[in-house]
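Take a look at the structure below.
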Amino acid sequence: MTDTAASVERRYRERLLARSGADRVRMAASLHTTARALVRASILSRRPEATEADVRAALFLRFYADDFSPAARARVLAWLGRHAAPWAVVVSLDELELALTQTRGEWTCYLDTATGETLMIPIDRSGFDGDWPSPAALDEGVGAGRLLVVEPLASHDKWIWMTDFAASAPDAVWRERLERALRGTRAFRAFKAALADRPAERERWFRFEAGRLRAAAEEWLRARGIEVTP
């Protein structure tokens, strides 16, 4: 039984099919991820002490229990208890990278595990126009496990990238100049000043930095049990 008019259903289908295949896949993935996050939060609200293995088993039973015989369910549950299953969510790595490179004390960033969206909330909202969740809603999302706080990368991490880049310099003179810049009290400023004199090396640094940042974002996700796929 449906209370939706046939003309409305037809129009909805036409608008859905007008989207690209990639858009439709993202929509389906987002809906599944949202449902999974809601069920996960429901499980943890009733069983705060549940382990990750407990949550995986409960998710399986909630979504797929009726699709298996009792014997098959028992085998699946036994397998889930032995093998960690990654937490899949469609995440924009570009958005996550932007959050990881924010200045501390200016923004508070969160990854929404239901939508894959990275939320960037200014600490002082008075100077910005935006429709952000309330502090209470953010605290509730973090407490339920739906929002994960994204802390910016430490300055030391970025300094290590610069030292590794300096070590890869194409000649000894250039390598020595970069290493000397990084030994000073204003290492970041001196490093950028040195790169300004060599446009080709500056472009090479941008590519090097982008690669390290992407690796850092992927490692951040893996550390939280979120699967990283191309």
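Chain identifiers are assigned as A, B, and so on, following the order in which chains appear in the structure tokens; residues are numbered from 1 within each chain, and ligands are numbered from 1 in order of appearance.
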Legend entry - In region 47-132 of chain A, DSSP helix (DSSP H, G or I) residues written as an MDAnalysis selection string: chainID A and resid 52:67 70:82 93:100 125:127
Export N, CA and C atoms of the chosen residues as a compact mmCIF listing (two decimals), in the first residue's frame?
```txt
# COMPACT_ATOMS: atom_id res chain seq x y z
N GLU A 52 33.72 -3.73 20.02
CA GLU A 52 33.50 -3.60 18.57
C GLU A 52 32.98 -4.91 17.99
N ALA A 53 33.46 -6.04 18.52
CA ALA A 53 32.96 -7.34 18.05
C ALA A 53 31.48 -7.50 18.39
N ASP A 54 31.08 -7.04 19.58
CA ASP A 54 29.67 -7.10 19.96
C ASP A 54 28.81 -6.26 19.00
N VAL A 55 29.31 -5.08 18.66
CA VAL A 55 28.55 -4.19 17.77
C VAL A 55 28.42 -4.81 16.38
N ARG A 56 29.50 -5.43 15.88
CA ARG A 56 29.44 -6.07 14.56
C ARG A 56 28.39 -7.18 14.56
N ALA A 57 28.38 -7.97 15.62
CA ALA A 57 27.41 -9.06 15.70
C ALA A 57 25.99 -8.53 15.76
N ALA A 58 25.78 -7.46 16.54
CA ALA A 58 24.44 -6.89 16.66
C ALA A 58 23.98 -6.28 15.34
N LEU A 59 24.90 -5.64 14.61
CA LEU A 59 24.55 -5.07 13.30
C LEU A 59 24.14 -6.17 12.32
N PHE A 60 24.89 -7.26 12.33
CA PHE A 60 24.56 -8.39 11.46
C PHE A 60 23.16 -8.93 11.76
N LEU A 61 22.88 -9.11 13.05
CA LEU A 61 21.58 -9.65 13.42
C LEU A 61 20.44 -8.69 13.07
N ARG A 62 20.70 -7.38 13.25
CA ARG A 62 19.65 -6.40 12.96
C ARG A 62 19.31 -6.34 11.47
N PHE A 63 20.36 -6.41 10.62
CA PHE A 63 20.14 -6.22 9.19
C PHE A 63 19.88 -7.52 8.43
N TYR A 64 20.54 -8.62 8.85
CA TYR A 64 20.56 -9.81 8.00
C TYR A 64 20.10 -11.11 8.68
N ALA A 65 19.66 -11.06 9.91
CA ALA A 65 19.35 -12.30 10.63
C ALA A 65 18.33 -13.15 9.90
N ASP A 66 17.30 -12.55 9.31
CA ASP A 66 16.24 -13.31 8.65
C ASP A 66 16.68 -13.94 7.33
N ASP A 67 17.86 -13.55 6.84
CA ASP A 67 18.34 -14.08 5.56
C ASP A 67 19.11 -15.38 5.73
N PRO A 70 19.36 -20.69 11.27
CA PRO A 70 20.03 -20.62 12.58
C PRO A 70 21.47 -21.13 12.53
N ALA A 71 21.71 -22.22 11.82
CA ALA A 71 23.07 -22.76 11.75
C ALA A 71 24.00 -21.80 11.02
N ALA A 72 23.50 -21.22 9.91
CA ALA A 72 24.33 -20.28 9.14
C ALA A 72 24.60 -19.02 9.96
N ARG A 73 23.58 -18.54 10.71
CA ARG A 73 23.78 -17.37 11.55
C ARG A 73 24.88 -17.63 12.58
N ALA A 74 24.87 -18.82 13.15
CA ALA A 74 25.88 -19.16 14.15
C ALA A 74 27.28 -19.13 13.55
N ARG A 75 27.41 -19.64 12.31
CA ARG A 75 28.73 -19.63 11.65
C ARG A 75 29.20 -18.21 11.36
N VAL A 76 28.27 -17.37 10.90
CA VAL A 76 28.63 -15.98 10.60
C VAL A 76 29.06 -15.26 11.87
N LEU A 77 28.30 -15.44 12.95
CA LEU A 77 28.63 -14.79 14.21
C LEU A 77 29.99 -15.24 14.73
N ALA A 78 30.29 -16.53 14.55
CA ALA A 78 31.59 -17.03 14.98
C ALA A 78 32.71 -16.40 14.16
N TRP A 79 32.46 -16.24 12.85
CA TRP A 79 33.47 -15.61 11.99
C TRP A 79 33.67 -14.15 12.36
N LEU A 80 32.58 -13.42 12.63
CA LEU A 80 32.68 -12.02 13.02
C LEU A 80 33.46 -11.86 14.31
N GLY A 81 33.36 -12.82 15.17
CA GLY A 81 34.09 -12.75 16.43
C GLY A 81 35.59 -12.90 16.25
N ARG A 82 35.99 -13.51 15.12
CA ARG A 82 37.43 -13.73 14.89
C ARG A 82 38.06 -12.72 13.97
N LEU A 93 38.10 12.85 1.14
CA LEU A 93 39.44 13.02 1.70
C LEU A 93 39.89 14.48 1.61
N ASP A 94 39.44 15.20 0.57
CA ASP A 94 39.80 16.61 0.46
C ASP A 94 39.29 17.40 1.66
N GLU A 95 38.04 17.14 2.07
CA GLU A 95 37.47 17.84 3.22
C GLU A 95 38.22 17.46 4.50
N LEU A 96 38.53 16.19 4.65
CA LEU A 96 39.24 15.74 5.84
C LEU A 96 40.64 16.36 5.90
N GLU A 97 41.31 16.43 4.76
CA GLU A 97 42.64 17.03 4.71
C GLU A 97 42.58 18.51 5.12
N LEU A 98 41.54 19.21 4.67
CA LEU A 98 41.39 20.62 5.05
C LEU A 98 41.24 20.75 6.56
N ALA A 99 40.48 19.86 7.16
CA ALA A 99 40.31 19.90 8.62
C ALA A 99 41.62 19.60 9.34
N LEU A 100 42.39 18.68 8.81
CA LEU A 100 43.66 18.30 9.44
C LEU A 100 44.69 19.42 9.39
N ARG A 125 31.80 31.90 16.66
CA ARG A 125 30.83 31.93 15.57
C ARG A 125 30.33 33.32 15.24
N SER A 126 30.63 34.30 16.10
CA SER A 126 30.07 35.64 15.93
C SER A 126 30.53 36.30 14.62
N GLY A 127 31.71 35.93 14.14
CA GLY A 127 32.21 36.57 12.93
C GLY A 127 31.86 35.83 11.65
```
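Our summary of the geometry notes that CA of Glu117 (chain A) is positioned 13.8 Å from CA of Ala217 (chain A).
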All residues 10 Å or closer to region 132-141 of chain A, only C-alpha atoms, same chain fewer than 4 positions away omitted, as a short mmCIF file (atom, residue, chain, number, x, y, z; two decimals) with C-alpha atoms, in the first residue's frame:
```cif
data_model
loop_
_atom_site.label_atom_id
_atom_site.label_comp_id
_atom_site.auth_asym_id
_atom_site.auth_seq_id
_atom_site.Cartn_x
_atom_site.Cartn_y
_atom_site.Cartn_z
CA ALA A 41 24.18 4.40 18.08
CA TYR A 110 34.23 16.71 13.16
CA ASP A 112 30.11 12.81 10.55
CA THR A 113 30.20 9.02 10.22
CA LEU A 119 32.07 19.64 9.66
CA MET A 120 34.20 22.72 10.33
CA ILE A 121 32.75 24.86 13.13
CA PRO A 122 34.40 28.21 13.99
CA ARG A 125 30.83 31.93 15.57
CA GLY A 145 29.89 7.99 18.38
CA ARG A 146 28.38 9.54 15.25
CA LEU A 147 30.75 12.53 15.26
CA LEU A 148 34.50 12.02 15.49
CA VAL A 149 36.63 14.99 16.52
#
```
Inset, instruction - With a distance cut-off of 6 Å and only C-alpha atoms, select the neighbouring residues of Ala181 (chain A), excluding the residue or stretch itself and same-chain residues fewer than 5 positions from it, and output the selection as a ChimeraX atom specification. - result: /A:187,190-191
Inset, instruction - Run DSSP on the backbone and grab whatever in region 12-216 of chain A lands in strand (DSSP E); send it over as a PyMOL selection string. - result: chain A and resi 107-112+118-122+147-150
Okay, now the selection with N, CA and C atoms, as a compact mmCIF listing (two decimals), in the first residue's frame?
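again-v6.txt was written with the following content:
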```
# COMPACT_ATOMS: atom_id res chain seq x y z
N TRP A 107 39.15 26.66 14.70
CA TRP A 107 38.05 25.82 14.25
C TRP A 107 38.00 24.54 15.07
N THR A 108 36.79 24.01 15.22
CA THR A 108 36.60 22.66 15.75
C THR A 108 36.01 21.83 14.63
N CYS A 109 36.65 20.72 14.32
CA CYS A 109 36.24 19.93 13.15
C CYS A 109 35.78 18.54 13.58
N TYR A 110 34.80 18.02 12.87
CA TYR A 110 34.23 16.71 13.16
C TYR A 110 34.02 15.95 11.85
N LEU A 111 34.19 14.64 11.90
CA LEU A 111 33.78 13.78 10.80
C LEU A 111 32.44 13.16 11.17
N ASP A 112 31.43 13.39 10.34
CA ASP A 112 30.11 12.81 10.55
C ASP A 112 30.11 11.42 9.92
N THR A 118 32.71 16.27 6.53
CA THR A 118 33.57 16.86 7.55
C THR A 118 33.00 18.23 7.92
N LEU A 119 32.64 18.38 9.18
CA LEU A 119 32.07 19.64 9.66
C LEU A 119 33.19 20.50 10.23
N MET A 120 33.23 21.77 9.81
CA MET A 120 34.20 22.72 10.33
C MET A 120 33.43 23.84 11.01
N ILE A 121 33.52 23.90 12.33
CA ILE A 121 32.75 24.86 13.13
C ILE A 121 33.71 25.90 13.70
N PRO A 122 33.53 27.19 13.38
CA PRO A 122 34.40 28.21 13.99
C PRO A 122 34.18 28.28 15.48
N LEU A 147 29.79 11.50 15.62
CA LEU A 147 30.75 12.53 15.26
C LEU A 147 32.11 12.20 15.86
N LEU A 148 33.13 12.24 15.03
CA LEU A 148 34.50 12.02 15.49
C LEU A 148 35.25 13.34 15.41
N VAL A 149 35.88 13.74 16.49
CA VAL A 149 36.63 14.99 16.52
C VAL A 149 37.88 14.85 15.66
N VAL A 150 38.13 15.83 14.80
CA VAL A 150 39.31 15.83 13.94
C VAL A 150 40.30 16.86 14.49
```
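Here the question is which of A:Leu44, A:Trp159, A:Ala35, A:Asp197 gets nearest to Gly184 (chain A) using only C-alpha atoms, and that residue is A:Trp159.
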